[in-house]
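Chemist: Contents of target_30.csv (CSV, C-alpha atoms):
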```
chain,number,residue,atom,x,y,z
I,8,MET,CA,72.9,104.1,105.9
I,9,ILE,CA,72.0,106.4,108.9
I,10,ARG,CA,72.2,110.1,108.1
I,11,ARG,CA,74.5,112.0,110.5
I,12,ASP,CA,72.0,114.9,110.9
I,13,THR,CA,69.2,112.7,112.3
I,14,ILE,CA,68.6,112.1,116.0
I,15,VAL,CA,69.7,108.5,115.6
I,16,GLY,CA,72.7,109.5,113.6
I,17,LYS,CA,73.7,112.0,116.3
I,18,LEU,CA,73.3,109.4,119.0
I,19,THR,CA,75.7,107.1,117.3
I,20,GLN,CA,78.3,109.9,117.2
I,21,MET,CA,78.0,110.8,120.9
I,22,PRO,CA,81.4,110.9,122.7
I,23,TRP,CA,80.5,107.7,124.6
I,24,PHE,CA,83.8,107.4,126.3
I,25,LEU,CA,83.3,110.9,127.9
I,26,LEU,CA,79.8,109.9,128.9
I,27,LEU,CA,81.2,106.7,130.5
I,28,ILE,CA,83.7,108.8,132.6
I,29,ILE,CA,80.9,111.1,133.7
I,30,VAL,CA,78.8,108.2,134.8
I,31,VAL,CA,81.7,106.6,136.7
I,32,ILE,CA,82.4,109.8,138.6
I,33,ALA,CA,78.7,110.2,139.4
I,34,VAL,CA,78.3,106.6,140.6
I,35,PHE,CA,81.4,107.0,142.8
I,36,GLY,CA,79.7,110.2,144.2
I,37,ILE,CA,76.6,108.2,145.0
I,38,LEU,CA,78.7,105.6,146.9
I,39,ILE,CA,80.5,108.4,148.8
I,40,LEU,CA,77.2,110.1,149.7
I,41,LEU,CA,75.9,106.7,150.9
I,42,SER,CA,78.9,106.6,153.2
I,43,ALA,CA,78.4,110.2,154.2
I,44,ALA,CA,74.8,109.4,155.2
I,45,SER,CA,75.9,106.6,157.5
I,46,SER,CA,76.1,107.2,161.2
I,47,ALA,CA,78.1,105.5,163.9
I,48,HIS,CA,78.1,101.7,164.1
I,49,SER,CA,75.0,100.2,165.6
I,50,PRO,CA,75.7,98.6,169.0
I,51,ILE,CA,73.4,95.7,168.0
I,52,THR,CA,74.7,94.8,164.5
I,53,GLY,CA,78.1,96.3,164.6
I,54,GLN,CA,77.4,97.8,161.2
I,55,PRO,CA,76.9,101.5,160.2
I,56,ASP,CA,73.3,102.7,160.3
I,57,ILE,CA,72.7,103.9,156.8
I,58,HIS,CA,70.3,106.6,155.7
I,59,PRO,CA,70.3,106.4,151.9
I,60,GLU,CA,68.2,109.5,151.2
I,61,LEU,CA,71.1,111.7,150.1
I,62,ALA,CA,72.5,109.0,147.7
I,63,ILE,CA,69.0,108.3,146.3
I,64,ASN,CA,68.4,112.0,145.6
I,65,HIS,CA,71.8,112.3,144.0
I,66,ALA,CA,71.3,109.3,141.8
I,67,SER,CA,67.8,110.4,140.7
I,68,ARG,CA,69.0,113.9,139.9
I,69,PHE,CA,72.0,112.6,137.9
I,70,ALA,CA,69.8,110.1,135.9
I,71,PHE,CA,67.4,112.9,135.0
I,72,LEU,CA,70.1,115.4,134.2
I,73,LEU,CA,72.0,112.9,132.1
I,74,LEU,CA,69.0,112.7,129.8
I,75,VAL,CA,68.8,116.5,129.8
I,76,ALA,CA,72.5,116.6,128.8
I,77,ILE,CA,71.9,114.3,125.9
I,78,GLY,CA,68.9,116.4,124.9
I,79,VAL,CA,71.1,119.5,125.0
I,80,ALA,CA,73.7,117.8,122.9
I,81,LEU,CA,71.1,117.1,120.2
I,82,VAL,CA,70.1,120.8,119.8
I,83,PRO,CA,71.9,122.5,116.9
I,84,LEU,CA,74.9,124.5,118.0
I,85,ARG,CA,73.8,127.5,116.0
I,86,LEU,CA,70.7,127.6,118.3
I,87,TRP,CA,72.9,127.7,121.4
I,88,ALA,CA,74.8,130.6,119.8
I,89,GLY,CA,71.5,132.3,119.1
I,90,ILE,CA,70.3,132.2,122.7
I,91,ALA,CA,73.8,133.1,124.2
I,92,TYR,CA,73.1,136.8,124.4
I,93,PRO,CA,69.5,136.5,125.7
I,94,LEU,CA,70.6,134.0,128.3
I,95,TYR,CA,73.4,136.4,129.4
I,96,PHE,CA,71.2,139.4,129.7
I,97,VAL,CA,68.4,137.5,131.5
I,98,GLY,CA,71.1,136.2,133.9
I,99,VAL,CA,72.4,139.7,134.6
I,100,ALA,CA,68.8,141.0,135.1
I,101,MET,CA,68.2,138.2,137.7
I,102,LEU,CA,71.5,139.1,139.5
I,103,VAL,CA,70.2,142.7,139.7
I,104,ALA,CA,66.9,141.4,141.0
I,105,VAL,CA,68.7,139.4,143.7
I,106,ASP,CA,70.1,142.7,145.0
I,107,PHE,CA,66.5,144.0,145.5
I,108,SER,CA,64.4,141.0,146.4
I,109,GLY,CA,66.8,138.0,146.9
I,110,VAL,CA,66.3,135.2,149.4
I,111,ILE,CA,68.8,135.2,152.2
I,112,VAL,CA,70.2,131.7,153.1
I,113,ASN,CA,73.0,131.3,155.6
I,114,GLY,CA,73.6,135.0,155.7
I,115,ALA,CA,74.1,135.4,151.9
I,116,GLU,CA,71.6,136.9,149.5
I,117,ARG,CA,72.1,134.7,146.4
I,118,TRP,CA,68.7,133.2,145.5
I,119,LEU,CA,65.5,134.3,143.7
I,120,GLN,CA,62.2,132.8,144.7
I,121,LEU,CA,60.1,132.3,141.5
I,122,GLY,CA,56.9,130.7,142.8
I,123,PRO,CA,57.8,127.2,144.1
I,124,ILE,CA,61.2,127.4,142.4
I,125,ARG,CA,64.3,128.8,144.1
I,126,ILE,CA,67.0,129.9,141.5
I,127,GLN,CA,70.6,130.9,142.0
I,128,PRO,CA,71.3,133.2,139.1
I,129,SER,CA,75.1,133.1,139.6
I,130,GLU,CA,75.0,129.5,138.6
I,131,ILE,CA,73.3,130.5,135.3
I,132,MET,CA,76.2,132.9,134.6
I,133,LYS,CA,78.8,130.1,134.8
I,134,LEU,CA,77.3,129.0,131.5
I,135,ALA,CA,76.0,132.3,130.1
I,136,VAL,CA,79.3,134.1,130.3
I,137,PRO,CA,81.4,131.7,128.2
I,138,LEU,CA,78.5,131.2,125.8
I,139,ALA,CA,78.1,135.0,125.3
I,140,MET,CA,81.8,135.5,125.0
I,141,ALA,CA,82.1,132.7,122.5
I,142,ARG,CA,79.4,134.2,120.3
I,143,TYR,CA,81.0,137.7,120.5
I,144,TYR,CA,84.4,136.4,119.5
I,145,HIS,CA,83.0,134.3,116.7
I,146,GLN,CA,81.3,137.3,115.2
I,147,MET,CA,84.4,139.4,115.6
I,148,PHE,CA,86.5,136.8,113.8
I,149,GLU,CA,83.8,136.2,111.2
I,150,THR,CA,84.0,139.9,110.2
I,151,ASN,CA,87.8,139.8,110.2
I,152,ARG,CA,88.2,142.0,113.3
I,153,SER,CA,91.2,141.4,115.5
I,154,GLY,CA,93.6,143.2,117.7
I,155,PHE,CA,93.6,144.3,121.4
I,156,TRP,CA,90.5,146.4,121.2
I,157,ILE,CA,88.1,143.5,120.5
I,158,HIS,CA,88.9,142.2,124.0
I,159,ILE,CA,87.5,145.3,125.8
I,160,PRO,CA,83.8,144.4,125.3
I,161,ALA,CA,84.6,140.8,126.2
I,162,LEU,CA,86.0,142.1,129.5
I,163,ALA,CA,82.8,143.9,130.2
I,164,PHE,CA,80.9,140.6,129.6
I,165,VAL,CA,82.9,139.2,132.6
I,166,ALA,CA,83.2,142.3,134.8
I,167,ILE,CA,79.4,143.0,135.1
I,168,PRO,CA,78.4,139.6,136.6
I,169,VAL,CA,81.5,139.4,138.7
I,170,ALA,CA,80.7,142.7,140.3
I,171,LEU,CA,77.1,141.7,140.9
I,172,VAL,CA,78.0,138.3,142.4
I,173,LEU,CA,80.6,140.0,144.7
I,174,ARG,CA,77.7,142.1,146.2
I,175,GLN,CA,75.8,139.0,147.3
I,176,PRO,CA,78.5,138.2,148.6
I,177,ASP,CA,79.9,135.1,146.9
I,178,LEU,CA,83.6,135.3,146.4
I,179,GLY,CA,84.0,131.7,145.2
I,180,THR,CA,81.5,132.0,142.4
I,181,ALA,CA,82.8,135.5,141.4
I,182,LEU,CA,86.3,134.0,141.1
I,183,MET,CA,85.0,131.2,139.0
I,184,ILE,CA,83.2,133.5,136.6
I,185,LEU,CA,86.3,135.7,136.4
I,186,GLY,CA,88.6,132.8,135.8
I,187,THR,CA,86.4,131.3,133.1
I,188,GLY,CA,86.1,134.7,131.3
I,189,CYS,CA,89.9,135.2,131.4
I,190,ALA,CA,90.4,131.7,130.0
I,191,VAL,CA,88.0,132.4,127.1
I,192,MET,CA,89.9,135.6,126.4
I,193,PHE,CA,93.2,133.7,126.4
I,194,PHE,CA,91.9,131.1,124.0
I,195,ALA,CA,90.5,133.9,121.8
I,196,GLY,CA,94.1,135.2,121.4
I,197,LEU,CA,94.7,137.7,124.2
I,198,SER,CA,98.4,138.3,124.5
I,199,MET,CA,100.1,136.3,127.2
I,200,ARG,CA,102.2,139.3,128.0
I,201,LEU,CA,99.1,141.3,128.8
I,202,ILE,CA,97.7,138.4,130.8
I,203,ILE,CA,100.9,138.3,132.9
I,204,SER,CA,100.7,142.1,133.4
I,205,VAL,CA,97.1,141.8,134.6
I,206,ILE,CA,98.1,139.0,137.0
I,207,ALA,CA,100.9,141.1,138.4
I,208,LEU,CA,98.5,144.1,138.8
I,209,ILE,CA,96.1,141.9,140.7
I,210,ALA,CA,98.9,140.6,143.0
I,211,VAL,CA,99.9,144.2,143.8
I,212,ALA,CA,96.3,145.2,144.5
I,213,ALA,CA,95.6,142.1,146.6
I,214,PRO,CA,96.6,143.7,149.9
I,215,LEU,CA,94.2,146.6,149.3
I,216,ALA,CA,91.4,144.2,148.4
I,217,PHE,CA,92.1,142.2,151.6
I,218,PHE,CA,91.7,145.2,153.9
I,219,PHE,CA,89.1,147.3,152.0
I,220,ALA,CA,87.1,145.0,149.7
I,221,LEU,CA,86.6,141.7,151.6
I,222,HIS,CA,84.0,141.1,154.2
I,223,ASP,CA,85.1,140.3,157.7
I,224,TYR,CA,84.3,136.6,157.4
I,225,GLN,CA,86.2,136.4,154.1
I,226,ARG,CA,89.3,138.1,155.7
I,227,GLN,CA,89.0,135.5,158.5
I,228,ARG,CA,89.1,132.7,156.0
I,229,VAL,CA,92.2,134.0,154.4
I,230,GLU,CA,93.9,134.4,157.8
I,231,THR,CA,92.9,130.9,158.7
I,232,LEU,CA,94.5,129.6,155.5
I,233,PHE,CA,97.9,131.0,156.7
I,234,ASP,CA,97.4,130.1,160.4
I,235,PRO,CA,94.8,127.5,161.0
I,236,ASP,CA,96.1,126.9,164.5
I,237,ALA,CA,95.2,130.4,165.6
I,238,ASP,CA,91.6,129.4,166.3
I,239,PRO,CA,91.5,125.6,166.2
I,240,LEU,CA,88.0,125.4,167.8
I,241,GLY,CA,86.6,128.3,165.7
I,242,ALA,CA,87.6,129.5,162.2
I,243,GLY,CA,90.3,126.8,161.8
I,244,TYR,CA,88.2,123.9,163.0
I,245,GLN,CA,86.9,122.7,159.7
I,246,LEU,CA,90.2,122.9,157.9
I,247,GLN,CA,92.1,121.1,160.7
I,248,GLN,CA,89.5,118.3,161.0
I,249,GLY,CA,89.6,117.9,157.2
I,250,LEU,CA,93.4,117.6,157.2
I,251,ILE,CA,93.2,115.0,160.0
I,252,ALA,CA,90.7,113.0,157.9
I,253,ILE,CA,92.9,113.2,154.8
I,254,GLY,CA,96.1,112.3,156.6
I,255,SER,CA,94.5,109.4,158.5
I,256,GLY,CA,93.6,107.7,155.2
I,257,GLY,CA,97.1,106.7,154.5
I,258,PRO,CA,98.1,104.9,151.2
I,259,ALA,CA,94.9,102.7,150.9
I,260,GLY,CA,92.4,104.2,153.3
I,261,LYS,CA,90.5,102.9,156.3
I,262,GLY,CA,87.9,101.1,154.2
I,263,TYR,CA,84.5,102.0,152.8
I,264,MET,CA,82.2,103.4,155.5
I,265,GLN,CA,85.0,103.1,158.1
I,266,GLY,CA,86.0,106.8,158.3
I,267,ALA,CA,86.1,107.9,162.0
I,268,GLN,CA,86.0,111.6,161.2
I,269,LYS,CA,82.9,111.1,159.1
I,270,GLU,CA,81.1,108.8,161.4
I,271,LEU,CA,81.6,111.2,164.4
I,272,ASN,CA,80.5,114.1,162.2
I,273,TYR,CA,83.6,116.1,163.1
I,274,ILE,CA,83.8,118.0,159.7
I,275,PRO,CA,81.1,120.6,158.8
I,276,GLU,CA,79.8,120.5,155.2
I,277,GLN,CA,81.3,117.0,154.7
I,278,ARG,CA,78.5,116.0,152.3
I,279,THR,CA,79.0,119.1,150.1
I,280,ASP,CA,82.2,121.2,150.0
I,281,PHE,CA,84.4,118.9,152.1
I,282,ILE,CA,83.3,115.6,150.6
I,283,PHE,CA,86.8,114.9,149.4
I,284,THR,CA,87.8,114.3,153.0
I,285,ILE,CA,85.6,111.1,153.0
I,286,VAL,CA,87.3,110.0,149.8
I,287,ALA,CA,90.8,110.5,151.3
I,288,GLU,CA,89.9,108.9,154.7
I,289,GLU,CA,88.2,105.8,153.4
I,290,PHE,CA,90.0,105.2,150.1
I,291,GLY,CA,93.4,106.8,151.0
I,292,PHE,CA,95.9,108.2,148.6
I,293,ALA,CA,95.2,105.6,145.9
I,294,GLY,CA,91.5,106.4,145.9
I,295,SER,CA,92.1,110.2,145.8
I,296,VAL,CA,94.5,109.8,142.9
I,297,ALA,CA,91.9,107.7,141.1
I,298,VAL,CA,89.3,110.4,141.4
I,299,LEU,CA,91.7,113.0,140.1
I,300,LEU,CA,92.6,110.8,137.2
I,301,LEU,CA,89.0,110.4,136.3
I,302,TRP,CA,88.5,114.1,136.3
I,303,ALA,CA,91.8,114.6,134.3
I,304,ILE,CA,90.5,112.2,131.6
I,305,ALA,CA,87.2,114.1,131.4
I,306,LEU,CA,88.9,117.5,131.2
I,307,LEU,CA,91.3,116.2,128.5
I,308,GLN,CA,88.4,114.8,126.5
I,309,GLY,CA,86.7,118.2,126.8
I,310,MET,CA,89.8,120.1,125.5
I,311,ASN,CA,90.2,117.5,122.7
I,312,ILE,CA,86.6,118.3,121.7
I,313,ALA,CA,87.3,122.0,121.8
I,314,SER,CA,90.4,121.7,119.6
I,315,LYS,CA,88.6,119.7,116.9
I,316,SER,CA,85.7,122.2,116.4
I,317,LYS,CA,85.9,124.1,113.2
I,318,SER,CA,83.9,127.0,114.5
I,319,ALA,CA,85.3,129.7,116.9
I,320,PHE,CA,82.0,129.5,118.8
I,321,GLY,CA,82.4,125.8,119.4
I,322,GLN,CA,86.1,126.1,120.3
I,323,LEU,CA,85.6,128.9,122.8
I,324,ALA,CA,82.3,127.6,124.3
I,325,ALA,CA,83.9,124.2,124.9
I,326,SER,CA,87.2,125.5,126.3
I,327,GLY,CA,85.3,127.9,128.5
I,328,PHE,CA,83.2,125.2,130.0
I,329,VAL,CA,86.3,123.0,130.6
I,330,SER,CA,87.9,125.9,132.3
I,331,THR,CA,84.9,126.2,134.6
I,332,LEU,CA,85.3,122.5,135.5
I,333,VAL,CA,89.0,122.9,136.1
I,334,LEU,CA,88.2,125.8,138.5
I,335,TYR,CA,85.6,123.7,140.3
I,336,VAL,CA,88.1,120.8,140.9
I,337,VAL,CA,91.2,122.9,141.6
I,338,ILE,CA,89.4,125.3,144.0
I,339,ASN,CA,87.6,122.5,145.9
I,340,LEU,CA,90.7,120.4,146.4
I,341,GLY,CA,92.8,123.5,147.1
I,342,MET,CA,90.5,124.6,150.0
I,343,VAL,CA,90.1,121.1,151.4
I,344,ILE,CA,93.9,120.5,151.7
I,345,GLY,CA,94.6,124.0,152.9
I,346,LEU,CA,96.1,125.6,149.8
I,347,LEU,CA,93.2,128.0,149.2
I,348,PRO,CA,90.7,129.8,151.5
I,349,VAL,CA,87.4,128.0,152.1
I,350,VAL,CA,85.0,129.7,149.6
I,351,GLY,CA,82.2,127.1,149.3
I,352,ILE,CA,82.9,125.5,146.0
I,353,PRO,CA,81.7,121.8,145.7
I,354,LEU,CA,83.3,118.9,143.9
I,355,PRO,CA,81.1,118.4,140.8
I,356,LEU,CA,79.1,115.1,140.5
I,357,ILE,CA,80.4,114.0,143.9
I,358,SER,CA,79.3,116.7,146.3
I,359,TYR,CA,75.6,116.7,147.2
I,360,GLY,CA,73.6,119.5,145.6
I,361,GLY,CA,71.2,119.9,142.7
I,362,THR,CA,72.1,123.4,141.4
I,363,VAL,CA,75.8,122.7,140.7
I,364,MET,CA,74.9,119.3,139.1
I,365,MET,CA,72.4,121.0,136.8
I,366,THR,CA,75.0,123.5,135.7
I,367,VAL,CA,77.7,120.9,135.1
I,368,MET,CA,75.4,118.5,133.2
I,369,ILE,CA,74.0,121.2,131.0
I,370,GLY,CA,77.6,122.2,130.3
I,371,PHE,CA,78.5,118.6,129.4
I,372,GLY,CA,75.5,118.7,127.1
I,373,LEU,CA,76.9,121.8,125.3
I,374,LEU,CA,80.3,120.1,125.2
I,375,MET,CA,78.8,117.1,123.4
I,376,ALA,CA,76.9,119.5,121.1
I,377,VAL,CA,80.2,121.0,120.1
I,378,HIS,CA,81.5,117.5,119.4
I,379,LEU,CA,78.5,116.6,117.2
I,380,ASN,CA,78.9,119.9,115.2
I,381,ARG,CA,82.7,119.8,115.1
I,382,ASP,CA,82.8,119.7,111.3
I,383,ASN,CA,80.5,122.7,110.9
I,384,GLY,CA,82.3,126.0,110.4
I,385,MET,CA,79.0,127.7,111.2
I,386,SER,CA,78.2,131.3,110.2
I,387,LEU,CA,76.4,133.5,112.7
I,388,ARG,CA,75.5,136.2,110.1
I,389,GLY,CA,71.9,137.2,110.4
I,390,ILE,CA,71.4,135.3,113.7
I,391,PHE,CA,69.0,136.9,116.1
```
Give the structure from this file in C-alpha cells form.

Modeler:
Amino acid sequence: MIRRDTIVGKLTQMPWFLLLIIVVIAVFGILILLSAASSAHSPITGQPDIHPELAINHASRFAFLLLVAIGVALVPLRLWAGIAYPLYFVGVAMLVAVDFSGVIVNGAERWLQLGPIRIQPSEIMKLAVPLAMARYYHQMFETNRSGFWIHIPALAFVAIPVALVLRQPDLGTALMILGTGCAVMFFAGLSMRLIISVIALIAVAAPLAFFFALHDYQRQRVETLFDPDADPLGAGYQLQQGLIAIGSGGPAGKGYMQGAQKELNYIPEQRTDFIFTIVAEEFGFAGSVAVLLLWAIALLQGMNIASKSKSAFGQLAASGFVSTLVLYVVINLGMVIGLLPVVGIPLPLISYGGTVMMTVMIGFGLLMAVHLNRDNGMSLRGIF
C-alpha cells in the first residue's frame, strides 16, 4: 500500500479534475494565440498567414510552469507558511527598490532589472499578501485571539504594498492586491457590517480620489468608460473596436481564425488584455460562455479545496488565491465589455505573458498543496 506522505502517494491524491480544467483553459489559450498571430488571408492560398511564435512560447511556458505547480504542491504546507513572512518583506523591499531604481516600460516604473532577469515585484505581492495574512490569522486563532483588533495588523499587510504599487503607477494591480486582502479579512471573520461601512466610505471618497489621486491617463480611462464616443479615434478607440468585435461574433461566432477585427489589427493589446475579443468574435456567445464556465468550475474547485482544509492557514491561503483569480477574470471581462475602466489586467492562461502565468500557476500549486494537506490541522508554534 502506498503511503500518503510519499511523493508517489501525494501524486495519486492530486486534484486531477482541477488540473484537467487548467490544462483545457491553457490549451484553448494556445489556440486563441495561434489565431491572434495570424494575419490577413494570403492572396495566393486564401488562408491566413500564421506566425506561431506566440502560441509556441505560451505552450512551452505553460508546460514548464505546470511542472513547477506540481512541484509546489508537493512541498509541505508548513514550509509555505514558514516562508510567508520572508516572501512578503522581500516583496515590499523590492517594491521600494522599484521606486529608486526601477525600469520604466511604456511610461510605468514597475520592473526591477536583476542581471539578465527583469522582475515585476507587484506580481510577487499577489501571492505574498494572502500567504502572509493567512499565516498571521492562523497564529492569531491558534493563540485564541479574536475580535476587531486582530484585523488592524492584517490591514497593514494590505495597505503597504497597495500604496507602493499605486506609486508606480499601477491601479489595476493595486486594486487586485486590495481586493484579495479584503477577501482574506472577510474569510477570517471580519464583520460584514464593517465591510459594508468601508465600501460606503470608499464610495463617498471616490470623487475626491478621481480628481486628486488619479493620474491624468487614469482619469481619462474612467471618463472613457462613461462616454466612449467622446473620443472614438483616441481614448475610446480600443473599447469601441473591442465592442464591435464582441458584438459581431453573434451566437456562434465567425469561425476560428475568421475574425475581421483581429485580422485587420484594429484592436490594440488584442493578444494580451483584450484577447477575449478574439474569443467572442470567432466563437461567439457560445464560446464566450464556455470559457466562463471553465473558469467557474476552476474557481468552485478552488473554494471547495479551501472549505475542506482543517487549518486556518490552508483555508485562508486557498480562498485568498481564488479571490485573486476571481478579480483577474472579473476585471478583465469587465474592462473588455465596457463595465470597468481599462486597467491592464490580462485573462489568466489565455492572454499572452509569462509573468502573470507564473503567478497563477504557482498559486495553483499552493492550492493543490492545501488539498494534499487538507487533513492536517497544522500548528505554527515555533515556526521561524

Chemist: Out of I:Ala80, I:Leu374, I:Leu40, I:Ala303, which residue has the shortest atom-to-atom distance to Ala66 in chain I when counting all atoms listed in the file?

Modeler: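 Of I:Ala80, I:Leu374, I:Leu40, I:Ala303, the one nearest Ala66 in chain I is I:Leu40, counting all atoms listed in the file.
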
Chemist: Enter the distance from CA of Leu18 in chain I to CA of Met375 in chain I, in Å, rounded to one decimal.

Modeler: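 If I compute the distance from CA of Leu18 in chain I to CA of Met375 in chain I, I get 10.4 Å.
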
Chemist: To one decimal in Å, tell me the separation between CA of Gly262 in chain I and CA of Val363 in chain I.

Modeler: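 Here the two named atoms are 28.2 Å from each other.
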
Chemist: Report, in Å to a single decimal, how far apart CA of Ala181 in chain I and CA of Trp156 in chain I are.

Modeler: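 CA of Ala181 in chain I lies 24.2 Å from CA of Trp156 in chain I.
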
Chemist: Which residues, written as a PyMOL selection string, have at least one atom at most 12 Å from Phe194 in chain I, with only C-alpha atoms counted and residues fewer than 3 positions away on the same chain left out?

Modeler: chain I and resi 137+140-141+144-145+158+187-191+197-199+202+310+313-314+319-327+329-330

Chemist: I'd like the neighbourhood of Val136 in chain I as a list in words, where a residue qualifies if any of its atoms comes within 8 Å (using all atoms listed in the file), though same-chain residues fewer than 4 positions away should be ignored.

Modeler: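 In the requested format, the answer is Tyr95, Met132, Met140, Phe164, Val165, Ile184 and Gly188 of chain I.
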
Chemist: From the list I:Pro123, I:Pro128, I:Pro59, I:Gly89, which residue is nearest Leu387 in chain I when using all atoms listed in the file?

Modeler: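 Looking at the shortest contact to Leu387 in chain I, the residue is I:Gly89.
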
Chemist: Out of I:Val349, I:Leu373, I:Leu72, I:Ala166, which residue has the shortest atom-to-atom distance to Met21 in chain I when counting all atoms listed in the file?

Modeler: I:Leu373

Chemist: Using all atoms listed in the file, which residue out of I:Tyr359, I:Phe193, I:Phe35, I:Trp23 lies closest to Gln277 in chain I?

Modeler: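 The answer is I:Tyr359, which sits nearest to Gln277 in chain I.
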
Chemist: Rank I:Gly196, I:Gly266, I:Gly98, I:Pro83 by their smallest atom-to-atom distance to Val286 in chain I, using only C-alpha atoms, and report the top residue only.

Modeler: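 For Val286 in chain I, the nearest of the candidates is I:Gly266.
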
Chemist: Determine the nearest neighbour of Gly243 in chain I from the options I:Val343, I:Asp223, I:Val172, I:Ile126, counting all atoms listed in the file.

Modeler: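 Closest residue, counting all atoms listed in the file: I:Val343.
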
Chemist: Since the input is missing atoms, can you rebuild N, CA and C atoms for range 333-346 of chain I and write them as a PDB file, in the coordinates of the input?

Modeler:
```pdb
ATOM      1  N   VAL I 333      87.702 122.914 135.478  1.00  0.00           N
ATOM      2  CA  VAL I 333      89.000 122.900 136.100  1.00  0.00           C
ATOM      3  C   VAL I 333      88.989 123.765 137.380  1.00  0.00           C
ATOM      4  N   LEU I 334      88.323 124.918 137.327  1.00  0.00           N
ATOM      5  CA  LEU I 334      88.200 125.800 138.500  1.00  0.00           C
ATOM      6  C   LEU I 334      87.458 125.095 139.627  1.00  0.00           C
ATOM      7  N   TYR I 335      86.373 124.412 139.290  1.00  0.00           N
ATOM      8  CA  TYR I 335      85.600 123.700 140.300  1.00  0.00           C
ATOM      9  C   TYR I 335      86.544 122.703 141.041  1.00  0.00           C
ATOM     10  N   VAL I 336      87.250 121.870 140.286  1.00  0.00           N
ATOM     11  CA  VAL I 336      88.100 120.800 140.900  1.00  0.00           C
ATOM     12  C   VAL I 336      89.251 121.412 141.649  1.00  0.00           C
ATOM     13  N   VAL I 337      89.960 122.355 141.028  1.00  0.00           N
ATOM     14  CA  VAL I 337      91.200 122.900 141.600  1.00  0.00           C
ATOM     15  C   VAL I 337      90.807 123.701 142.913  1.00  0.00           C
ATOM     16  N   ILE I 338      89.764 124.532 142.852  1.00  0.00           N
ATOM     17  CA  ILE I 338      89.400 125.300 144.000  1.00  0.00           C
ATOM     18  C   ILE I 338      88.904 124.423 145.153  1.00  0.00           C
ATOM     19  N   ASN I 339      88.067 123.433 144.818  1.00  0.00           N
ATOM     20  CA  ASN I 339      87.600 122.500 145.900  1.00  0.00           C
ATOM     21  C   ASN I 339      88.695 121.792 146.543  1.00  0.00           C
ATOM     22  N   LEU I 340      89.570 121.166 145.767  1.00  0.00           N
ATOM     23  CA  LEU I 340      90.700 120.400 146.400  1.00  0.00           C
ATOM     24  C   LEU I 340      91.637 121.342 147.083  1.00  0.00           C
ATOM     25  N   GLY I 341      91.862 122.529 146.519  1.00  0.00           N
ATOM     26  CA  GLY I 341      92.800 123.500 147.100  1.00  0.00           C
ATOM     27  C   GLY I 341      92.311 123.910 148.513  1.00  0.00           C
ATOM     28  N   MET I 342      90.999 124.160 148.658  1.00  0.00           N
ATOM     29  CA  MET I 342      90.500 124.600 150.000  1.00  0.00           C
ATOM     30  C   MET I 342      90.456 123.452 150.962  1.00  0.00           C
ATOM     31  N   VAL I 343      90.205 122.227 150.486  1.00  0.00           N
ATOM     32  CA  VAL I 343      90.100 121.100 151.400  1.00  0.00           C
ATOM     33  C   VAL I 343      91.491 120.728 151.973  1.00  0.00           C
ATOM     34  N   ILE I 344      92.551 120.864 151.165  1.00  0.00           N
ATOM     35  CA  ILE I 344      93.900 120.500 151.700  1.00  0.00           C
ATOM     36  C   ILE I 344      94.653 121.718 152.184  1.00  0.00           C
ATOM     37  N   GLY I 345      93.992 122.872 152.270  1.00  0.00           N
ATOM     38  CA  GLY I 345      94.600 124.000 152.900  1.00  0.00           C
ATOM     39  C   GLY I 345      95.488 124.869 152.056  1.00  0.00           C
ATOM     40  N   LEU I 346      95.354 124.772 150.737  1.00  0.00           N
ATOM     41  CA  LEU I 346      96.100 125.600 149.800  1.00  0.00           C
ATOM     42  C   LEU I 346      95.400 126.856 149.404  1.00  0.00           C
TER      43      LEU I 346
END
```
